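J.: Okay, so here is target-v1.cif, and as you'll see once you scroll down, it has mmCIF, C-alpha atoms (C1' of nucleotides).
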data_input
#
loop_
_atom_site.label_atom_id
_atom_site.label_comp_id
_atom_site.auth_asym_id
_atom_site.auth_seq_id
_atom_site.Cartn_x
_atom_site.Cartn_y
_atom_site.Cartn_z
CA MET A 96 0.00 0.00 0.00
CA THR A 97 2.86 2.38 -0.60
CA VAL A 98 1.61 3.89 -3.84
CA PRO A 99 -2.04 3.42 -4.73
CA ASP A 100 -2.73 2.45 -8.31
CA ILE A 101 -4.73 4.65 -10.63
CA GLY A 102 -7.84 2.55 -10.08
CA VAL A 103 -7.89 3.23 -6.36
CA LEU A 104 -7.01 6.86 -6.98
CA ALA A 105 -9.77 7.31 -9.54
CA GLY A 106 -12.27 5.77 -7.18
CA GLN A 107 -11.23 7.88 -4.23
CA LEU A 108 -11.25 11.02 -6.33
CA MET A 109 -14.69 10.33 -7.70
CA ARG A 110 -16.09 9.64 -4.26
CA ALA A 111 -14.55 12.75 -2.74
CA LEU A 112 -15.81 14.90 -5.60
CA GLN A 113 -19.29 13.48 -5.24
CA GLU A 114 -19.32 14.24 -1.54
CA GLU A 115 -18.40 17.87 -2.00
CA LEU A 116 -20.72 18.34 -4.95
CA PHE A 117 -23.82 16.90 -3.36
CA GLU A 118 -23.26 18.31 0.08
CA THR A 119 -22.84 21.74 -1.42
CA LEU A 120 -25.89 21.24 -3.61
CA ALA A 121 -27.85 20.34 -0.49
CA GLU A 122 -26.75 23.60 1.12
CA LEU A 123 -27.82 25.49 -1.99
CA GLY A 124 -31.38 24.23 -1.95
CA HIS A 125 -31.12 20.81 -3.57
CA PRO A 126 -30.95 18.34 -0.70
CA ASP A 127 -32.92 15.67 -2.50
CA VAL A 128 -30.70 14.88 -5.47
CA SER A 129 -28.23 12.02 -5.20
CA PRO A 130 -25.26 10.92 -7.30
CA ARG A 131 -27.69 8.50 -8.86
CA HIS A 132 -29.79 11.39 -10.14
CA GLY A 133 -26.68 13.30 -11.07
CA THR A 134 -25.73 10.84 -13.76
CA VAL A 135 -28.93 11.79 -15.54
CA LEU A 136 -29.05 15.48 -14.69
CA ALA A 137 -25.56 15.97 -16.07
CA PHE A 138 -26.75 15.09 -19.56
CA LEU A 139 -29.94 17.10 -19.73
CA ASP A 140 -30.60 19.83 -22.23
CA PRO A 141 -33.13 22.68 -22.02
CA LYS A 142 -34.45 21.66 -25.43
CA GLY A 143 -35.15 18.16 -24.20
CA VAL A 144 -33.41 14.82 -24.56
CA ARG A 145 -34.79 11.37 -25.11
CA ALA A 146 -34.54 8.85 -22.33
CA THR A 147 -32.67 6.48 -24.59
CA ASP A 148 -30.04 9.13 -25.25
CA LEU A 149 -29.67 9.63 -21.53
CA ALA A 150 -29.20 5.89 -21.10
CA ALA A 151 -26.57 5.78 -23.81
CA ARG A 152 -24.65 8.79 -22.55
CA SER A 153 -24.68 7.79 -18.92
CA GLY A 154 -23.91 4.20 -19.79
CA GLN A 155 -26.82 2.84 -17.81
CA HIS A 156 -29.75 0.68 -18.72
CA LYS A 157 -32.88 2.42 -19.84
CA GLN A 158 -34.81 0.74 -17.05
CA ILE A 159 -32.65 2.49 -14.50
CA ILE A 160 -33.04 5.76 -16.35
CA GLY A 161 -36.77 5.23 -16.20
CA THR A 162 -36.89 4.92 -12.43
CA ILE A 163 -34.50 7.83 -11.99
CA LEU A 164 -36.76 9.93 -14.20
CA ASP A 165 -39.78 8.88 -12.15
CA GLU A 166 -38.08 10.32 -9.09
CA LEU A 167 -36.88 13.45 -10.84
CA VAL A 168 -40.40 14.09 -12.08
CA ARG A 169 -41.76 13.59 -8.59
CA LEU A 170 -39.11 15.94 -7.19
CA GLY A 171 -39.98 18.56 -9.79
CA TYR A 172 -36.72 18.58 -11.72
CA VAL A 173 -37.91 17.36 -15.10
CA THR A 174 -41.06 16.73 -17.08
CA ARG A 175 -41.83 14.18 -19.76
CA GLU A 176 -43.07 15.84 -22.91
CA PRO A 177 -44.21 14.03 -26.03
CA ASP A 178 -41.64 14.11 -28.80
CA PRO A 179 -43.27 15.67 -31.87
CA ALA A 180 -40.85 13.81 -34.10
CA ASP A 181 -41.55 10.36 -32.71
CA ARG A 182 -44.73 9.32 -30.96
CA ARG A 183 -42.98 6.46 -29.17
CA ALA A 184 -40.45 8.77 -27.57
CA LYS A 185 -40.75 11.29 -24.80
CA LEU A 186 -38.56 14.32 -24.41
CA ILE A 187 -37.09 14.82 -20.97
CA VAL A 188 -37.18 18.55 -20.33
CA PRO A 189 -35.69 20.14 -17.21
CA THR A 190 -37.97 22.41 -15.22
CA GLU A 191 -36.81 25.71 -13.82
CA ARG A 192 -35.78 23.87 -10.71
CA GLY A 193 -33.90 21.37 -12.84
CA ILE A 194 -32.06 24.11 -14.69
CA ASP A 195 -31.18 25.69 -11.38
CA GLU A 196 -29.70 22.43 -10.18
CA ILE A 197 -27.69 21.95 -13.36
CA THR A 198 -26.39 25.50 -13.23
CA LYS A 199 -25.36 25.23 -9.62
CA ALA A 200 -23.80 21.81 -10.09
CA ARG A 201 -21.65 23.13 -12.89
CA ALA A 202 -20.64 26.13 -10.85
CA ILE A 203 -19.65 23.93 -7.93
CA LEU A 204 -17.58 21.68 -10.15
CA ALA A 205 -15.98 24.70 -11.76
CA ALA A 206 -15.11 26.10 -8.34
CA ILE A 207 -13.58 22.78 -7.32
CA GLU A 208 -11.49 22.67 -10.45
CA GLU A 209 -10.39 26.25 -9.91
CA ARG A 210 -9.25 25.33 -6.44
CA HIS A 211 -7.07 22.54 -7.76
CA GLU A 212 -5.89 24.88 -10.49
CA ARG A 213 -4.67 27.32 -7.88
CA ILE A 214 -2.79 24.59 -6.04
CA LEU A 215 -1.18 23.01 -9.07
CA GLY A 216 -0.85 26.09 -11.22
CA ALA A 217 -3.00 26.80 -14.23
CA GLU A 218 -0.62 25.31 -16.71
CA ARG A 219 0.06 22.10 -14.85
CA TYR A 220 -3.63 21.63 -14.07
CA ALA A 221 -4.55 22.08 -17.71
CA GLY A 222 -2.01 19.44 -18.60
CA PHE A 223 -3.33 17.16 -15.89
CA LYS A 224 -6.90 17.42 -17.06
CA GLN A 225 -5.93 16.84 -20.65
CA MET A 226 -3.96 13.74 -19.71
CA LEU A 227 -6.83 12.52 -17.54
CA GLN A 228 -9.08 12.83 -20.56
CA GLN A 229 -6.68 10.93 -22.75
CA VAL A 230 -6.03 8.16 -20.25
CA THR A 231 -9.78 7.77 -19.72
CA ARG A 232 -10.40 7.65 -23.44
CA ASP A 233 -7.63 5.14 -24.04
CA GLN A 234 -8.77 2.98 -21.15
CA ARG A 235 -12.36 2.96 -22.35
CA ALA A 236 -11.09 1.94 -25.78
CA TRP A 237 -9.55 -1.21 -24.35
CA ARG A 238 -12.66 -3.30 -24.83
CA GLN A 239 -12.88 -2.55 -28.54
CA ALA A 240 -9.16 -2.90 -29.06
CA GLY A 241 -7.35 -5.97 -27.83
CA ALA A 242 -9.93 -7.32 -25.46
CA SER A 243 -10.05 -11.00 -24.65
CA THR A 244 -7.28 -12.12 -26.95
CA ALA A 245 -7.00 -15.07 -24.60
CA MET B 18 -21.17 18.08 -22.92
CA THR B 19 -18.19 19.55 -24.67
CA VAL B 20 -15.63 18.88 -21.95
CA PRO B 21 -16.51 16.42 -19.20
CA ASP B 22 -15.61 17.53 -15.71
CA ILE B 23 -13.11 15.64 -13.59
CA GLY B 24 -15.90 13.92 -11.68
CA VAL B 25 -17.30 12.30 -14.79
CA LEU B 26 -13.81 11.51 -16.00
CA ALA B 27 -12.79 9.93 -12.70
CA GLY B 28 -15.92 7.81 -12.72
CA GLN B 29 -15.49 6.67 -16.29
CA LEU B 30 -11.83 5.89 -15.70
CA MET B 31 -12.54 3.87 -12.59
CA ARG B 32 -15.24 1.87 -14.32
CA ALA B 33 -13.12 1.15 -17.37
CA LEU B 34 -10.18 0.08 -15.20
CA GLN B 35 -12.41 -2.23 -13.20
CA GLU B 36 -13.73 -3.82 -16.35
CA GLU B 37 -10.30 -4.61 -17.73
CA LEU B 38 -8.95 -5.76 -14.39
CA PHE B 39 -11.74 -8.18 -13.56
CA GLU B 40 -12.24 -9.50 -17.05
CA THR B 41 -8.54 -10.22 -17.29
CA LEU B 42 -8.56 -11.81 -13.85
CA ALA B 43 -11.41 -14.02 -15.02
CA GLU B 44 -9.32 -15.14 -17.97
CA LEU B 45 -6.41 -15.88 -15.66
CA GLY B 46 -8.35 -18.26 -13.46
CA HIS B 47 -10.24 -15.94 -11.12
CA PRO B 48 -13.70 -15.60 -12.62
CA ASP B 49 -15.44 -15.44 -9.26
CA VAL B 50 -13.99 -12.28 -7.75
CA SER B 51 -15.86 -9.00 -8.18
CA PRO B 52 -14.91 -5.38 -7.57
CA ARG B 53 -16.69 -5.83 -4.26
CA HIS B 54 -14.17 -8.48 -3.25
CA GLY B 55 -11.35 -6.46 -4.71
CA THR B 56 -11.75 -3.69 -2.19
CA VAL B 57 -10.87 -6.23 0.50
CA LEU B 58 -8.30 -8.28 -1.40
CA ALA B 59 -6.34 -5.14 -2.17
CA PHE B 60 -5.58 -4.62 1.51
CA LEU B 61 -4.63 -8.15 2.50
CA ASP B 62 -1.27 -9.12 3.86
CA PRO B 63 0.33 -12.58 3.94
CA LYS B 64 0.93 -12.13 7.64
CA GLY B 65 -2.76 -11.56 8.26
CA VAL B 66 -4.91 -8.49 8.86
CA ARG B 67 -7.81 -7.95 11.19
CA ALA B 68 -11.27 -7.50 9.72
CA THR B 69 -11.62 -4.17 11.48
CA ASP B 70 -8.45 -2.93 9.80
CA LEU B 71 -9.82 -4.01 6.45
CA ALA B 72 -13.00 -2.09 7.18
CA ALA B 73 -11.08 1.03 8.10
CA ARG B 74 -8.75 0.91 5.11
CA SER B 75 -11.44 0.17 2.57
CA GLY B 76 -13.77 2.69 4.14
CA GLN B 77 -16.62 0.23 4.47
CA HIS B 78 -18.62 -0.99 7.41
CA LYS B 79 -17.41 -4.05 9.21
CA GLN B 80 -20.70 -5.80 8.50
CA ILE B 81 -20.01 -5.52 4.79
CA ILE B 82 -16.46 -6.72 5.29
CA GLY B 83 -17.91 -9.68 7.18
CA THR B 84 -20.10 -10.80 4.32
CA ILE B 85 -17.34 -10.25 1.79
CA LEU B 86 -15.04 -12.39 3.92
CA ASP B 87 -17.71 -15.09 4.11
CA GLU B 88 -17.68 -15.27 0.35
CA LEU B 89 -13.90 -15.13 0.06
CA VAL B 90 -13.61 -17.98 2.57
CA ARG B 91 -16.15 -19.97 0.62
CA LEU B 92 -14.28 -19.27 -2.62
CA GLY B 93 -11.01 -20.33 -1.04
CA TYR B 94 -9.21 -17.00 -1.11
CA VAL B 95 -8.74 -16.37 2.60
CA THR B 96 -9.02 -18.12 5.94
CA ARG B 97 -9.94 -16.79 9.34
CA GLU B 98 -7.26 -17.57 11.89
CA PRO B 99 -7.46 -16.74 15.57
CA ASP B 100 -5.38 -13.74 16.51
CA PRO B 101 -2.91 -14.81 19.21
CA ALA B 102 -2.75 -11.26 20.47
CA ASP B 103 -6.51 -10.81 20.93
CA ARG B 104 -8.95 -13.61 21.40
CA ARG B 105 -11.83 -11.51 20.15
CA ALA B 106 -10.15 -10.83 16.83
CA LYS B 107 -9.51 -13.04 13.84
CA LEU B 108 -6.67 -12.64 11.42
CA ILE B 109 -7.63 -12.71 7.79
CA VAL B 110 -4.91 -14.65 6.00
CA PRO B 111 -4.85 -15.11 2.22
CA THR B 112 -4.55 -18.67 0.96
CA GLU B 113 -2.28 -19.62 -1.90
CA ARG B 114 -5.15 -18.91 -4.24
CA GLY B 115 -5.64 -15.54 -2.60
CA ILE B 116 -1.98 -14.66 -2.99
CA ASP B 117 -2.18 -15.70 -6.62
CA GLU B 118 -5.12 -13.37 -7.15
CA ILE B 119 -3.36 -10.47 -5.47
CA THR B 120 -0.19 -11.03 -7.47
CA LYS B 121 -2.04 -11.23 -10.75
CA ALA B 122 -4.21 -8.23 -9.98
CA ARG B 123 -1.13 -6.13 -9.30
CA ALA B 124 0.51 -7.36 -12.46
CA ILE B 125 -2.56 -6.49 -14.52
CA LEU B 126 -2.72 -3.00 -13.06
CA ALA B 127 0.98 -2.56 -13.65
CA ALA B 128 0.56 -3.63 -17.28
CA ILE B 129 -2.29 -1.18 -17.73
CA GLU B 130 -0.23 1.63 -16.31
CA GLU B 131 2.69 0.67 -18.53
CA ARG B 132 0.42 0.86 -21.54
CA HIS B 133 -0.62 4.40 -20.68
CA GLU B 134 2.98 5.18 -19.95
CA ARG B 135 3.94 4.15 -23.45
CA ILE B 136 1.23 6.34 -24.95
CA LEU B 137 1.92 9.42 -22.88
CA GLY B 138 5.63 8.98 -22.42
CA ALA B 139 7.23 7.91 -19.19
CA GLU B 140 7.93 11.40 -17.98
CA ARG B 141 4.49 12.82 -18.68
CA TYR B 142 2.78 9.77 -17.21
CA ALA B 143 4.82 10.04 -14.03
CA GLY B 144 3.76 13.65 -13.75
CA PHE B 145 0.17 12.72 -14.42
CA LYS B 146 0.08 10.10 -11.73
CA GLN B 147 1.73 12.36 -9.24
CA MET B 148 -0.78 15.12 -9.95
CA LEU B 149 -3.62 12.62 -9.73
CA GLN B 150 -2.39 11.66 -6.29
CA GLN B 151 -2.18 15.25 -5.20
CA VAL B 152 -5.58 16.24 -6.55
CA THR B 153 -7.12 13.19 -4.88
CA ARG B 154 -5.44 13.99 -1.60
CA ASP B 155 -6.47 17.65 -1.72
CA GLN B 156 -10.03 16.73 -2.67
CA ARG B 157 -10.33 14.23 0.15
CA ALA B 158 -9.07 16.91 2.53
CA TRP B 159 -12.02 19.15 1.65
CA ARG B 160 -14.26 17.74 4.34
CA GLN B 161 -11.79 18.48 7.11
CA ALA B 162 -10.87 21.84 5.71
CA GLY B 163 -13.52 24.40 4.81
CA ALA B 164 -16.53 22.17 4.67
CA SER B 165 -19.95 23.68 5.05
CA THR B 166 -18.89 27.27 5.52
CA ALA B 167 -22.24 28.13 4.04
"C1'" DT C 201 -50.89 -1.64 -48.13
"C1'" DA C 202 -49.31 -5.49 -45.53
"C1'" DT C 203 -45.44 -7.47 -43.44
"C1'" DT C 204 -41.22 -7.64 -41.17
"C1'" DG C 205 -37.77 -6.00 -38.16
"C1'" DA C 206 -35.95 -2.47 -35.23
"C1'" DT C 207 -36.61 1.06 -31.64
"C1'" DA C 208 -38.74 3.85 -27.34
"C1'" DG C 209 -40.35 3.15 -23.13
"C1'" DT C 210 -42.37 0.47 -19.33
"C1'" DC C 211 -43.47 -3.56 -16.13
"C1'" DA C 212 -41.96 -7.24 -13.31
"C1'" DA C 213 -38.74 -10.30 -10.94
"C1'" DT C 214 -34.38 -11.27 -9.20
"C1'" DG C 215 -29.94 -10.68 -7.28
"C1'" DA C 216 -26.32 -7.86 -5.60
"C1'" DT C 217 -25.05 -4.36 -2.52
"C1'" DC C 218 -25.34 -1.21 1.31
"C1'" DG C 219 -26.85 0.71 5.85
"C1'" DT C 220 -28.71 0.33 10.63
"C1'" DG C 221 -29.56 -1.66 15.10
"C1'" DA C 222 -28.83 -5.14 18.24
"C1'" DC C 223 -26.16 -8.81 20.14
"C1'" DT C 224 -22.07 -11.94 22.23
"C1'" DA C 225 -17.47 -12.36 23.65
"C1'" DA C 226 -13.33 -10.49 25.05
"C1'" DA C 227 -10.32 -6.73 26.21
"C1'" DT C 228 -9.54 -2.46 28.86
"C1'" DT C 229 -10.13 0.78 32.41
"C1'" DG C 230 -10.70 2.14 37.15
"C1'" DC D 162 -14.87 -6.81 40.26
"C1'" DA D 163 -17.88 -3.45 37.74
"C1'" DA D 164 -18.18 -0.39 33.73
"C1'" DT D 165 -16.79 0.81 29.28
"C1'" DT D 166 -14.89 -0.12 24.91
"C1'" DT D 167 -13.79 -3.01 21.02
"C1'" DA D 168 -14.02 -7.24 17.53
"C1'" DG D 169 -16.98 -9.67 15.11
"C1'" DT D 170 -21.58 -11.48 13.88
"C1'" DC D 171 -26.79 -11.76 13.11
"C1'" DA D 172 -30.89 -9.95 11.26
"C1'" DC D 173 -33.67 -6.73 8.88
"C1'" DG D 174 -34.83 -3.38 5.42
"C1'" DA D 175 -33.50 -0.09 1.73
"C1'" DT D 176 -31.26 0.88 -2.40
"C1'" DC D 177 -29.49 -0.25 -6.68
"C1'" DA D 178 -28.35 -2.97 -10.88
"C1'" DT D 179 -29.42 -6.71 -14.23
"C1'" DT D 180 -32.42 -9.48 -17.02
"C1'" DG D 181 -36.44 -10.73 -19.68
"C1'" DA D 182 -40.64 -9.71 -21.51
"C1'" DC D 183 -44.16 -6.64 -23.24
"C1'" DT D 184 -46.80 -2.66 -25.94
"C1'" DA D 185 -46.66 0.98 -29.10
"C1'" DT D 186 -44.51 3.10 -32.82
"C1'" DC D 187 -41.32 3.74 -36.54
"C1'" DA D 188 -38.83 2.32 -40.80
"C1'" DA D 189 -38.04 -0.53 -44.75
"C1'" DT D 190 -39.79 -3.24 -48.30
"C1'" DA D 191 -42.39 -6.38 -51.17
#
How does the structure come out when it is put into structure tokens?
T.:
Amino acid sequence: MTVPDIGVLAGQLMRALQEELFETLAELGHPDVSPRHGTVLAFLDPKGVRATDLAARSGQHKQIIGTILDELVRLGYVTREPDPADRRAKLIVPTERGIDEITKARAILAAIEERHERILGAERYAGFKQMLQQVTRDQRAWRQAGASTA
Amino acid sequence: MTVPDIGVLAGQLMRALQEELFETLAELGHPDVSPRHGTVLAFLDPKGVRATDLAARSGQHKQIIGTILDELVRLGYVTREPDPADRRAKLIVPTERGIDEITKARAILAAIEERHERILGAERYAGFKQMLQQVTRDQRAWRQAGASTA
DNA sequence: TATTGATAGTCAATGATCGTGACTAAATTG
DNA sequence: CAATTTAGTCACGATCATTGACTATCAATA
């Protein structure tokens, strides 16, 4: 346990970020949204998004998205509108409260990143984030690439 | 959704790493261990560790550790030995199979990191990992520091 | 137009995982 | 020896993810 691997680090970082984000959101008037809801809220659009798109972007099953949307509707964050282009589909549209949550969540994340930027220096932090993006992208590409050559 | 924030990135990275790690472990003769078990296996020691220590290090409740250990005993990865220093406690000792899993898991992680090292360059990757450590440490320190000043 | 196959969303059932409270046995403290 | 703390377990309920099946609609085509 001298040097944690990137898996442990990524997990710890994600958890710590979630804690600060959702505790701060609770203080700012959104005590009822959880990380579970966040995975959906993060991909909303004022113009509306289909539930299937939300499932694809968040990487979760559409059944899970459905129950999350049930809760978000009940909590007043989104509404289900009929999609004029496709009568099977429903557009998930954020309410004013939903937009407020999204705005504040982004501001909180931005403030967190600025804090790390101040510690590391703008240039180094920019490099860090860019490398984090690349490592994440490359790691996610593993499955398509040389997966299960065994 | 132009640039994902570090929270989303950390989550995606962790998930992708878990997938490669446990699928590769399955191919190498350990198809029955899950990320759930991994959080305990990662902290084992050939000399034996107490369940309470495992709970503290992994950040999970001792009840959860208990059930995970039940499974790991059943799967033949660890045994519960009496602790000579404390008759209440039991030392969790990895079996040969457990040590094999730990060894292989570390090798897989090392290979993954080497792959990213080759892509980014050894120097840049070293810097990346060091910054990831620092950002994680600073983020985890948030709670103790200026939490809930609101 | 009728048919076939794919897609959007939901319902239902199951299993995995986590959290809480209570409990026994042993150590520790005074 | 009595009181408190600690190690581990048992039992219950809540949350969450995974799977399969189902209806309604769209899209393509004969």
J.: Care to translate the PyMOL selection byres ((chain D) within 9 of (chain B)) into actual residues of this file, as a ChimeraX atom specification?
T.: /D:167-170
J.: Can you check which residues of chain C have any atom within 10 Å of chain A? Use all atoms listed in the file and format it as a PyMOL selection string.
T.: chain C and resi 207-211
J.: Output as a ChimeraX atom specification the set of chain B residues within 8 Å of chain A, with distances taken over all atoms listed in the file.
T.: /B:18,22-31,33-35,37,41,44,60,126,130,133,137,145-146,148-150,152-153,155-157,159-160,165,167
J.: Would you translate the PyMOL selection byres ((chain C and resi 228) around 10) into the concrete set of residues it matches in this file, as an MDAnalysis selection string?
T.: (chainID C and resid 226:227 229:230) or (chainID D and resid 165:167)
J.: Fit chain A to chain B, all Cα atoms paired in order, least squares. Then write it as a short mmCIF file (atom, residue, chain, number, x, y, z; two decimals) with C-alpha atoms, in the coordinates of the input.
T.:
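Below is the file part00.cif, written as the result:
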data_model
loop_
_atom_site.label_atom_id
_atom_site.label_comp_id
_atom_site.auth_asym_id
_atom_site.auth_seq_id
_atom_site.Cartn_x
_atom_site.Cartn_y
_atom_site.Cartn_z
CA MET A 96 -21.23 18.04 -22.64
CA THR A 97 -18.25 19.49 -24.43
CA VAL A 98 -15.66 18.83 -21.75
CA PRO A 99 -16.51 16.33 -19.03
CA ASP A 100 -15.62 17.39 -15.52
CA ILE A 101 -13.13 15.49 -13.42
CA GLY A 102 -15.92 13.72 -11.56
CA VAL A 103 -17.30 12.14 -14.71
CA LEU A 104 -13.79 11.39 -15.91
CA ALA A 105 -12.79 9.75 -12.64
CA GLY A 106 -15.91 7.63 -12.71
CA GLN A 107 -15.44 6.54 -16.29
CA LEU A 108 -11.79 5.76 -15.69
CA MET A 109 -12.52 3.70 -12.63
CA ARG A 110 -15.22 1.73 -14.40
CA ALA A 111 -13.07 1.06 -17.45
CA LEU A 112 -10.15 -0.03 -15.28
CA GLN A 113 -12.38 -2.36 -13.31
CA GLU A 114 -13.68 -3.95 -16.48
CA GLU A 115 -10.24 -4.72 -17.83
CA LEU A 116 -8.92 -5.88 -14.48
CA PHE A 117 -11.70 -8.29 -13.67
CA GLU A 118 -12.19 -9.61 -17.16
CA THR A 119 -8.50 -10.36 -17.36
CA LEU A 120 -8.55 -11.92 -13.91
CA ALA A 121 -11.39 -14.14 -15.07
CA GLU A 122 -9.28 -15.27 -18.02
CA LEU A 123 -6.40 -16.00 -15.66
CA GLY A 124 -8.35 -18.36 -13.45
CA HIS A 125 -10.25 -16.04 -11.13
CA PRO A 126 -13.71 -15.70 -12.64
CA ASP A 127 -15.46 -15.49 -9.31
CA VAL A 128 -14.01 -12.32 -7.82
CA SER A 129 -15.86 -9.05 -8.30
CA PRO A 130 -14.92 -5.41 -7.78
CA ARG A 131 -16.71 -5.78 -4.48
CA HIS A 132 -14.22 -8.42 -3.39
CA GLY A 133 -11.39 -6.44 -4.89
CA THR A 134 -11.77 -3.64 -2.40
CA VAL A 135 -10.88 -6.13 0.30
CA LEU A 136 -8.33 -8.21 -1.57
CA ALA A 137 -6.33 -5.11 -2.42
CA PHE A 138 -5.55 -4.54 1.24
CA LEU A 139 -4.63 -8.04 2.31
CA ASP A 140 -1.27 -9.02 3.69
CA PRO A 141 0.31 -12.49 3.83
CA LYS A 142 0.91 -11.99 7.55
CA GLY A 143 -2.77 -11.35 8.13
CA VAL A 144 -4.87 -8.25 8.67
CA ARG A 145 -7.76 -7.61 10.99
CA ALA A 146 -11.20 -7.15 9.53
CA THR A 147 -11.49 -3.77 11.17
CA ASP A 148 -8.32 -2.62 9.45
CA LEU A 149 -9.74 -3.77 6.15
CA ALA A 150 -12.90 -1.79 6.86
CA ALA A 151 -10.92 1.32 7.70
CA ARG A 152 -8.63 1.09 4.70
CA SER A 153 -11.33 0.33 2.19
CA GLY A 154 -13.62 2.92 3.71
CA GLN A 155 -16.49 0.50 4.09
CA HIS A 156 -18.53 -0.62 7.04
CA LYS A 157 -17.32 -3.63 8.92
CA GLN A 158 -20.62 -5.36 8.27
CA ILE A 159 -19.96 -5.23 4.56
CA ILE A 160 -16.43 -6.45 5.10
CA GLY A 161 -17.89 -9.33 7.05
CA THR A 162 -20.12 -10.52 4.24
CA ILE A 163 -17.36 -10.05 1.68
CA LEU A 164 -15.08 -12.15 3.86
CA ASP A 165 -17.76 -14.83 4.13
CA GLU A 166 -17.73 -15.10 0.36
CA LEU A 167 -13.96 -14.98 0.06
CA VAL A 168 -13.69 -17.77 2.61
CA ARG A 169 -16.25 -19.81 0.71
CA LEU A 170 -14.38 -19.17 -2.55
CA GLY A 171 -11.11 -20.25 -0.95
CA TYR A 172 -9.27 -16.94 -1.08
CA VAL A 173 -8.83 -16.24 2.61
CA THR A 174 -9.12 -17.89 5.99
CA ARG A 175 -10.01 -16.47 9.37
CA GLU A 176 -7.34 -17.22 11.92
CA PRO A 177 -7.49 -16.30 15.59
CA ASP A 178 -5.35 -13.31 16.45
CA PRO A 179 -2.90 -14.36 19.17
CA ALA A 180 -2.65 -10.77 20.34
CA ASP A 181 -6.37 -10.21 20.78
CA ARG A 182 -8.93 -12.92 21.36
CA ARG A 183 -11.75 -10.75 20.04
CA ALA A 184 -10.05 -10.26 16.70
CA LYS A 185 -9.50 -12.58 13.80
CA LEU A 186 -6.66 -12.31 11.34
CA ILE A 187 -7.66 -12.46 7.70
CA VAL A 188 -4.96 -14.47 5.97
CA PRO A 189 -4.90 -15.01 2.20
CA THR A 190 -4.65 -18.59 1.01
CA GLU A 191 -2.38 -19.62 -1.82
CA ARG A 192 -5.23 -18.94 -4.17
CA GLY A 193 -5.70 -15.54 -2.59
CA ILE A 194 -2.04 -14.68 -3.00
CA ASP A 195 -2.23 -15.78 -6.60
CA GLU A 196 -5.14 -13.44 -7.18
CA ILE A 197 -3.38 -10.52 -5.53
CA THR A 198 -0.22 -11.14 -7.51
CA LYS A 199 -2.05 -11.35 -10.79
CA ALA A 200 -4.20 -8.33 -10.04
CA ARG A 201 -1.13 -6.25 -9.37
CA ALA A 202 0.52 -7.48 -12.52
CA ILE A 203 -2.54 -6.60 -14.58
CA LEU A 204 -2.71 -3.13 -13.11
CA ALA A 205 1.00 -2.68 -13.68
CA ALA A 206 0.60 -3.73 -17.31
CA ILE A 207 -2.26 -1.27 -17.75
CA GLU A 208 -0.20 1.53 -16.30
CA GLU A 209 2.73 0.60 -18.51
CA ARG A 210 0.47 0.82 -21.52
CA HIS A 211 -0.58 4.34 -20.63
CA GLU A 212 3.05 5.13 -19.87
CA ARG A 213 4.00 4.15 -23.39
CA ILE A 214 1.29 6.35 -24.86
CA LEU A 215 1.98 9.41 -22.75
CA GLY A 216 5.69 8.96 -22.27
CA ALA A 217 7.28 7.85 -19.04
CA GLU A 218 7.95 11.31 -17.78
CA ARG A 219 4.53 12.75 -18.50
CA TYR A 220 2.81 9.67 -17.08
CA ALA A 221 4.83 9.90 -13.89
CA GLY A 222 3.77 13.51 -13.57
CA PHE A 223 0.17 12.58 -14.26
CA LYS A 224 0.09 9.91 -11.61
CA GLN A 225 1.71 12.16 -9.07
CA MET A 226 -0.81 14.90 -9.75
CA LEU A 227 -3.66 12.39 -9.59
CA GLN A 228 -2.41 11.39 -6.17
CA GLN A 229 -2.22 14.96 -5.00
CA VAL A 230 -5.62 15.96 -6.36
CA THR A 231 -7.16 12.88 -4.74
CA ARG A 232 -5.49 13.64 -1.45
CA ASP A 233 -6.53 17.28 -1.52
CA GLN A 234 -10.08 16.39 -2.49
CA ARG A 235 -10.39 13.84 0.29
CA ALA A 236 -9.13 16.49 2.71
CA TRP A 237 -12.05 18.74 1.88
CA ARG A 238 -14.30 17.30 4.55
CA GLN A 239 -11.83 18.00 7.34
CA ALA A 240 -10.90 21.39 5.98
CA GLY A 241 -13.59 23.90 5.14
CA ALA A 242 -16.57 21.62 5.04
CA SER A 243 -20.03 22.96 5.72
CA THR A 244 -19.06 26.51 6.51
CA ALA A 245 -22.61 27.33 5.52
#
J.: Written as a count of residues only, which residues does the PyMOL selection byres ((chain A and resi 165-174) around 10) give for the file shown?
T.: 30
J.: Might you pull out every residue within 10 Å of DC177 of chain D, with only C-alpha atoms (C1' of nucleotides) counted and same-chain residues fewer than 3 positions away left off, and present them as a list in words?
T.: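 Returned residues: Arg131 and Ile159 of chain A; DA216, DT217 and DC218 of chain C.
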J.: Find the spatial neighbours of DT190 of chain D, counting only C-alpha atoms (C1' of nucleotides), within a cut-off of 12 Å - ignore same-chain residues fewer than 4 positions away - and output them as a PyMOL selection string.
T.: chain C and resi 201-205
J.: Just C-alpha atoms (C1' of nucleotides) for this one: save the residues we selected as an mmCIF file, in the coordinates of the input.
T.:
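Output below, filename out.cif:
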data_model
loop_
_atom_site.group_PDB
_atom_site.id
_atom_site.type_symbol
_atom_site.label_atom_id
_atom_site.label_comp_id
_atom_site.auth_asym_id
_atom_site.auth_seq_id
_atom_site.Cartn_x
_atom_site.Cartn_y
_atom_site.Cartn_z
ATOM 1 C "C1'" DT C 201 -50.890 -1.640 -48.130
ATOM 2 C "C1'" DA C 202 -49.310 -5.490 -45.530
ATOM 3 C "C1'" DT C 203 -45.440 -7.470 -43.440
ATOM 4 C "C1'" DT C 204 -41.220 -7.640 -41.170
ATOM 5 C "C1'" DG C 205 -37.770 -6.000 -38.160
#
